[in-house]
Amino acid sequence: MTATSQAALGRLLAAALLLMVPLHPGCSCSSSGGSGGLPGPSRPRALPERTVAELVTPFDVHRRDLLGPNDHNAMYGMRPKIIAQPDGSSVDVLVQDEGVDLDMGERNRAVLLRLSPDAGGYAVTRALEVPLLDHIMGLARASDGDYFVASAIVESQHRELSRSYPGENQYRANVVHVARLSPDGTVRYEVDLDLAREATGDEPEKLINPMVASTARLEFGGGELALVHGINTDPDSNGTRHQKAITTVLRANDGAVLRTSSMWVSHSFDVRLFHHGGGFMELHLGDAYPRQLVFDRVSGTARSSAYPAYFIKGATGNNNTYTRLGGMAPITADPDFGYLVLFATERVTTEPDSGKVGGPRDLAMVRIRRDFADLDAGELAHLDATLPDVQDVSSGGTDRQNHVLFLTNHGATGDVHAERPKLLPLGGDTYLVLYERWEGDNSGSYEFTGVHAQVIDADGTVLVASTDLGAVHLPRGDDAFVLGGGGAWVTGDEQERSLTLHHVTRTGDSVALVSSVIR
């Protein structure tokens, strides 16, 4: 890591630190004697209230996350705030409570709400306070209706990291917590993940500063549970703790740890995760090792090689990747290609002399062969080389060639950028693409002008042209989801203490947005 990238990561960590609070009393010790003094998770309970205002103060993306193309922190992922899981016509939503006052001795909390159709909109029909350390990481649901909830500590709220803390062999209790809950909140099991990983005997990496400069995702499939998130490493010879991704795979029925790592991605600033093809597909935005959009398939018993999806221009370790991670989705009918990857990046293939923006940022896609795991990752035969837009870039000091299909051409209309891209498979190999449009004045100042949607097929053919849906932000840290044949996402209003479910549907060659406020 260069001194410049170390300084950039340090600035991010400093910006993310919250006010220090005293250490909670008590000792959390592993078998190797490490002491963390970290508080255990809160206890779950059913909540009788049925209005959002009585239950939680949600994160407000329209007031608290207005980062655009030229903002430093937009280069990194964001901790989840409002995690949604659809269930038929209903939606389960895990919401971090932003109204907690730590200085007054209150502890962090999160609530799991079931939103059900009601009088043309949605209403809260069930509410649980879930077991929580400090911050939500993920929500998944088993086929029998049980919930999986993952949470993590915020290290700075308890004790600052240092060269000596945590120590080399200091696995700690209450760093990452995973629980399986019944719909009424009964705890089926709980996993203290750092200690459970240690107990495998694999000498796994420790879970230090979970979600640092990144995000987290939790998914269920094939009787297993996968959790992926960012961490800090043990210090190097200079005392620097670097950032990377870590993946843990658990057996879903009892929480036993089956795998403690997957591919190496450092730094991993954003990630997507879903279950398909007998394992969990994970897609990372990496800036150094490797400097790629990179993916693999992992399960409790097997792991593929790591495969590049896109080579990112610029020097190894430059935190600015000029790229925003969108998503990855299966292709069902094509005999050769099995996955589509969406992202936003610059068409210009060189880095700017100054600033964080080199040129207009467009939506782009690549396609991955169905049998990628049988192919040599270094030969790049897993990528669709027939895509028409070719980029020759220097990526991490090596000359590379990308074959992509650009879905927009923002440079034709000025200083225009796609941010926060989302990809949703609607069925029949059609996909909803969502993104924010930002417009600049060529001086480094940018303004959000609206969220846009288009529909494409598995070849990238545009079926519904890009449509302005209005001035509604997309969350950076939370995924959109498929609902009722369309796509949806949930935002919060901190002043009204309400949630809004935004639902995009397609009719023929047009799309429309309906936003339902849940009070």
# chains A, B, ... in the order shown; residues from 1 in each chain; ligands from 1
call {"tool": "residues_around", "arguments": {"residues": "A:Ser262", "least_positions_apart": "3", "cutoff": "10 Å", "atoms": "only C-alpha atoms", "output": "ChimeraX atom specification"}}
result
/A:228,245-249,259,265,282,296-299,302-306
call {"tool": "residues_around", "arguments": {"residues": "A:Ala453", "least_positions_apart": "2", "cutoff": "6 Å", "atoms": "only C-alpha atoms", "output": "ChimeraX atom specification"}}
result
/A:433-434,466-467
call {"tool": "write_last_selection", "arguments": {"atoms": "C-alpha atoms", "output": "compact mmCIF listing (two decimals), in the first residue's frame"}}
result
# COMPACT_ATOMS: atom_id res chain seq x y z
CA VAL A 433 -31.34 -1.28 -13.84
CA LEU A 434 -31.59 1.56 -11.33
CA SER A 466 -33.68 5.23 -19.34
CA THR A 467 -36.55 6.93 -17.53
call {"tool": "select_by_dssp", "arguments": {"residues": "stretch 310-422 of chain A", "states": "helix (DSSP H, G or I)", "output": "PyMOL selection string"}}
result
chain A and resi 372-374+377-379+410-413
call {"tool": "write_last_selection", "arguments": {"atoms": "N, CA and C atoms", "output": "short mmCIF file (atom, residue, chain, number, x, y, z; two decimals), in the first residue's frame"}}
result
data_model
loop_
_atom_site.label_atom_id
_atom_site.label_comp_id
_atom_site.auth_asym_id
_atom_site.auth_seq_id
_atom_site.Cartn_x
_atom_site.Cartn_y
_atom_site.Cartn_z
N PHE A 372 -17.70 -20.99 -15.87
CA PHE A 372 -16.48 -20.26 -15.52
C PHE A 372 -15.58 -21.05 -14.57
N ALA A 373 -16.17 -21.80 -13.63
CA ALA A 373 -15.38 -22.49 -12.62
C ALA A 373 -14.52 -23.61 -13.21
N ASP A 374 -14.80 -24.02 -14.44
CA ASP A 374 -14.00 -25.05 -15.10
C ASP A 374 -12.88 -24.46 -15.94
N ALA A 377 -8.67 -18.97 -14.73
CA ALA A 377 -8.98 -17.56 -14.53
C ALA A 377 -8.00 -16.65 -15.26
N GLY A 378 -6.74 -17.07 -15.37
CA GLY A 378 -5.73 -16.23 -16.00
C GLY A 378 -5.88 -16.09 -17.50
N GLU A 379 -6.56 -17.04 -18.13
CA GLU A 379 -6.72 -16.97 -19.58
C GLU A 379 -7.90 -16.11 -20.00
N HIS A 410 -23.28 9.15 -21.35
CA HIS A 410 -23.48 10.42 -20.68
C HIS A 410 -22.59 11.53 -21.23
N GLY A 411 -21.44 11.15 -21.79
CA GLY A 411 -20.56 12.17 -22.34
C GLY A 411 -21.20 12.96 -23.47
N ALA A 412 -22.20 12.37 -24.14
CA ALA A 412 -22.86 13.07 -25.24
C ALA A 412 -23.72 14.23 -24.75
N THR A 413 -24.06 14.21 -23.45
CA THR A 413 -24.92 15.27 -22.92
C THR A 413 -24.22 16.15 -21.90
#
call {"tool": "residues_around", "arguments": {"residues": "stretch 80-90 of chain A", "least_positions_apart": "3", "cutoff": "8 Å", "atoms": "only C-alpha atoms", "output": "PyMOL selection string"}}
result
chain A and resi 58-59+93-96+114-117+136-141+215-216+477-484+489-491
call {"tool": "atom_distance", "arguments": {"atom1": "atom CA of A:Ser42", "atom2": "atom CA of A:Tyr189"}}
result
14.3 Å
call {"tool": "closest_residue", "arguments": {"among": "A:Gly278, A:Gln454, A:Phe311, A:Asn442", "to": "A:Gly221", "atoms": "only C-alpha atoms"}}
result
A:Gly278
call {"tool": "closest_residue", "arguments": {"among": "A:Lys313, A:His267, A:Lys422, A:His452", "to": "A:Gln401", "atoms": "only C-alpha atoms"}}
result
A:Lys313
call {"tool": "residues_around", "arguments": {"residues": "A:Gly286", "least_positions_apart": "2", "cutoff": "9 Å", "atoms": "only C-alpha atoms", "output": "JSON, numbers by chain"}}
result
{"A": [244, 265, 266, 267, 268, 269, 270, 284, 288, 289, 290, 291, 292, 293, 294, 312, 317, 319, 321]}
call {"tool": "write_last_selection", "arguments": {"atoms": "all heavy atoms", "output": "short mmCIF file (atom, residue, chain, number, x, y, z; two decimals), in the first residue's frame"}}
result
data_model
loop_
_atom_site.label_atom_id
_atom_site.label_comp_id
_atom_site.auth_asym_id
_atom_site.auth_seq_id
_atom_site.Cartn_x
_atom_site.Cartn_y
_atom_site.Cartn_z
N LYS A 244 -9.30 -5.48 4.25
CA LYS A 244 -9.57 -6.54 3.28
C LYS A 244 -10.96 -7.09 3.56
O LYS A 244 -11.62 -6.70 4.52
CB LYS A 244 -8.53 -7.66 3.36
CG LYS A 244 -8.58 -8.44 4.65
CD LYS A 244 -7.58 -9.60 4.65
CE LYS A 244 -7.87 -10.67 3.63
NZ LYS A 244 -9.13 -11.43 3.94
N VAL A 265 -9.19 -10.29 -1.21
CA VAL A 265 -9.45 -9.00 -1.86
C VAL A 265 -9.07 -7.90 -0.87
O VAL A 265 -9.68 -7.79 0.20
CB VAL A 265 -10.92 -8.82 -2.29
CG1 VAL A 265 -11.07 -7.53 -3.10
CG2 VAL A 265 -11.40 -10.01 -3.11
N SER A 266 -8.05 -7.13 -1.21
CA SER A 266 -7.58 -6.05 -0.34
C SER A 266 -7.09 -4.90 -1.23
O SER A 266 -6.23 -5.10 -2.08
CB SER A 266 -6.43 -6.52 0.54
OG SER A 266 -5.92 -5.47 1.32
N HIS A 267 -7.70 -3.76 -1.07
CA HIS A 267 -8.86 -3.46 -0.23
C HIS A 267 -10.16 -3.84 -0.96
O HIS A 267 -10.24 -3.68 -2.15
CB HIS A 267 -8.92 -1.96 0.10
CG HIS A 267 -7.61 -1.39 0.58
ND1 HIS A 267 -6.85 -0.52 -0.18
CD2 HIS A 267 -6.91 -1.58 1.74
CE1 HIS A 267 -5.77 -0.16 0.47
NE2 HIS A 267 -5.76 -0.79 1.65
N SER A 268 -11.14 -4.31 -0.19
CA SER A 268 -12.47 -4.57 -0.75
C SER A 268 -13.40 -3.49 -0.24
O SER A 268 -13.74 -3.46 0.95
CB SER A 268 -12.98 -5.95 -0.31
OG SER A 268 -14.34 -6.10 -0.65
N PHE A 269 -13.82 -2.61 -1.13
CA PHE A 269 -14.61 -1.45 -0.72
C PHE A 269 -16.12 -1.65 -0.87
O PHE A 269 -16.89 -0.87 -0.34
CB PHE A 269 -14.18 -0.22 -1.51
CG PHE A 269 -12.80 0.28 -1.13
CD1 PHE A 269 -11.96 0.80 -2.09
CD2 PHE A 269 -12.36 0.22 0.17
CE1 PHE A 269 -10.69 1.27 -1.74
CE2 PHE A 269 -11.09 0.67 0.53
CZ PHE A 269 -10.26 1.20 -0.43
N ASP A 270 -16.52 -2.67 -1.60
CA ASP A 270 -17.96 -2.94 -1.75
C ASP A 270 -18.10 -4.40 -2.17
O ASP A 270 -17.18 -4.99 -2.75
CB ASP A 270 -18.59 -2.01 -2.79
CG ASP A 270 -20.06 -1.74 -2.51
OD1 ASP A 270 -20.62 -2.36 -1.58
OD2 ASP A 270 -20.67 -0.91 -3.23
N HIS A 284 -16.70 -8.45 -5.63
CA HIS A 284 -16.04 -7.40 -4.86
C HIS A 284 -15.55 -6.27 -5.78
O HIS A 284 -15.17 -6.52 -6.93
CB HIS A 284 -14.82 -7.96 -4.13
CG HIS A 284 -15.14 -8.95 -3.06
ND1 HIS A 284 -15.17 -8.62 -1.72
CD2 HIS A 284 -15.45 -10.27 -3.13
CE1 HIS A 284 -15.47 -9.70 -1.00
NE2 HIS A 284 -15.64 -10.71 -1.84
N ALA A 288 -6.59 -2.95 -4.98
CA ALA A 288 -5.16 -3.25 -4.94
C ALA A 288 -4.87 -4.69 -5.32
O ALA A 288 -4.30 -4.98 -6.36
CB ALA A 288 -4.61 -2.93 -3.55
N TYR A 289 -5.24 -5.61 -4.46
CA TYR A 289 -4.91 -7.03 -4.65
C TYR A 289 -6.18 -7.86 -4.64
O TYR A 289 -6.56 -8.41 -3.63
CB TYR A 289 -3.94 -7.48 -3.55
CG TYR A 289 -2.71 -6.64 -3.44
CD1 TYR A 289 -2.56 -5.74 -2.39
CD2 TYR A 289 -1.70 -6.72 -4.41
CE1 TYR A 289 -1.43 -4.95 -2.30
CE2 TYR A 289 -0.57 -5.92 -4.32
CZ TYR A 289 -0.44 -5.04 -3.26
OH TYR A 289 0.67 -4.26 -3.18
N PRO A 290 -6.86 -7.95 -5.79
CA PRO A 290 -6.53 -7.37 -7.09
C PRO A 290 -7.21 -6.01 -7.29
O PRO A 290 -8.12 -5.65 -6.54
CB PRO A 290 -7.12 -8.39 -8.06
CG PRO A 290 -8.36 -8.86 -7.35
CD PRO A 290 -8.02 -8.88 -5.89
N ARG A 291 -6.76 -5.29 -8.30
CA ARG A 291 -7.42 -4.04 -8.70
C ARG A 291 -8.44 -4.41 -9.78
O ARG A 291 -8.22 -4.22 -10.98
CB ARG A 291 -6.41 -3.01 -9.20
CG ARG A 291 -7.04 -1.62 -9.41
CD ARG A 291 -6.00 -0.55 -9.67
NE ARG A 291 -6.62 0.74 -9.95
CZ ARG A 291 -7.05 1.60 -9.03
NH1 ARG A 291 -6.92 1.29 -7.75
NH2 ARG A 291 -7.61 2.74 -9.38
N GLN A 292 -9.55 -4.94 -9.36
CA GLN A 292 -10.54 -5.52 -10.27
C GLN A 292 -11.92 -5.50 -9.63
O GLN A 292 -12.06 -5.42 -8.40
CB GLN A 292 -10.19 -6.99 -10.57
CG GLN A 292 -8.87 -7.25 -11.22
CD GLN A 292 -8.50 -8.73 -11.20
OE1 GLN A 292 -9.29 -9.59 -10.79
NE2 GLN A 292 -7.29 -9.04 -11.63
N LEU A 293 -12.93 -5.63 -10.47
CA LEU A 293 -14.16 -6.26 -10.04
C LEU A 293 -13.89 -7.75 -10.15
O LEU A 293 -13.57 -8.26 -11.23
CB LEU A 293 -15.34 -5.87 -10.94
CG LEU A 293 -15.72 -4.39 -11.01
CD1 LEU A 293 -16.97 -4.20 -11.86
CD2 LEU A 293 -15.92 -3.79 -9.64
N VAL A 294 -14.01 -8.46 -9.04
CA VAL A 294 -13.56 -9.85 -8.99
C VAL A 294 -14.61 -10.69 -8.27
O VAL A 294 -15.25 -10.23 -7.33
CB VAL A 294 -12.18 -9.94 -8.30
CG1 VAL A 294 -12.23 -9.40 -6.88
CG2 VAL A 294 -11.62 -11.34 -8.34
N ILE A 312 -9.65 -2.52 -13.45
CA ILE A 312 -9.84 -1.11 -13.10
C ILE A 312 -8.57 -0.34 -13.41
O ILE A 312 -7.46 -0.75 -13.03
CB ILE A 312 -10.20 -0.98 -11.61
CG1 ILE A 312 -11.55 -1.67 -11.35
CG2 ILE A 312 -10.25 0.47 -11.18
CD1 ILE A 312 -11.88 -1.82 -9.89
N GLY A 317 -3.57 0.04 -5.28
CA GLY A 317 -3.78 0.69 -4.00
C GLY A 317 -4.32 2.09 -4.07
O GLY A 317 -4.59 2.69 -3.02
N ASN A 319 -7.06 4.29 -3.84
CA ASN A 319 -8.42 4.06 -3.35
C ASN A 319 -9.47 4.50 -4.35
O ASN A 319 -10.60 4.00 -4.31
CB ASN A 319 -8.64 4.79 -2.03
CG ASN A 319 -7.90 4.20 -0.86
OD1 ASN A 319 -7.97 4.71 0.25
ND2 ASN A 319 -7.15 3.11 -1.08
N THR A 321 -11.21 4.12 -7.50
CA THR A 321 -11.35 3.13 -8.57
C THR A 321 -12.14 3.67 -9.76
O THR A 321 -12.29 2.96 -10.76
CB THR A 321 -12.06 1.87 -8.05
OG1 THR A 321 -13.37 2.22 -7.61
CG2 THR A 321 -11.28 1.24 -6.91
#
call {"tool": "residues_around", "arguments": {"residues": "stretch 386-397 of chain A", "least_positions_apart": "6", "cutoff": "10 Å", "atoms": "only C-alpha atoms", "output": "count of residues only"}}
result
30
call {"tool": "closest_atom_pairs", "arguments": {"of": "stretch 73-163 of chain A", "to": "stretch 195-213 of chain A", "cutoff": "12 Å", "atoms": "only C-alpha atoms", "output": "Markdown table"}}
result
| residue | atom | partner | partner_atom | distance |
| --- | --- | --- | --- | --- |
| A:Asn73 | CA | A:Ala213 | CA | 8.7 |
| A:Ala74 | CA | A:Ala213 | CA | 10.4 |
| A:Met75 | CA | A:Ala213 | CA | 9.1 |
| A:Tyr76 | CA | A:Ala213 | CA | 5.7 |
| A:Gly77 | CA | A:Ala213 | CA | 6.2 |
| A:Met78 | CA | A:Ala213 | CA | 7.2 |
| A:Arg79 | CA | A:Met211 | CA | 6.5 |
| A:Pro80 | CA | A:Met211 | CA | 9.4 |
| A:Leu133 | CA | A:Pro210 | CA | 11.6 |
| A:Asp134 | CA | A:Pro210 | CA | 10.8 |
| A:His135 | CA | A:Met211 | CA | 9.7 |
| A:Ile136 | CA | A:Met211 | CA | 10.2 |
| A:Met137 | CA | A:Met211 | CA | 8.1 |
| A:Gly138 | CA | A:Met211 | CA | 11.3 |
| A:Ala150 | CA | A:Pro210 | CA | 11.4 |
| A:Ser151 | CA | A:Pro210 | CA | 9.3 |
| A:Ala152 | CA | A:Pro210 | CA | 6.4 |
| A:Ile153 | CA | A:Pro210 | CA | 7.2 |
| A:Val154 | CA | A:Asn209 | CA | 6.9 |
| A:Glu155 | CA | A:Asn209 | CA | 5.8 |
| A:Ser156 | CA | A:Asn209 | CA | 8.6 |
| A:Gln157 | CA | A:Asn209 | CA | 11.0 |
| A:His158 | CA | A:Asn209 | CA | 11.2 |
| A:Arg159 | CA | A:Asn209 | CA | 10.7 |
| A:Glu160 | CA | A:Asn209 | CA | 9.8 |
| A:Leu161 | CA | A:Asn209 | CA | 8.2 |
| A:Ser162 | CA | A:Ile208 | CA | 11.1 |
call {"tool": "residues_around", "arguments": {"residues": "A:His503", "least_positions_apart": "5", "cutoff": "7 Å", "atoms": "only C-alpha atoms", "output": "ChimeraX atom specification"}}
result
/A:486-489,513-515
call {"tool": "closest_residue", "arguments": {"among": "A:Ser445, A:Asn108, A:Thr345, A:Asn320", "to": "A:His72", "atoms": "only C-alpha atoms"}}
result
A:Asn320
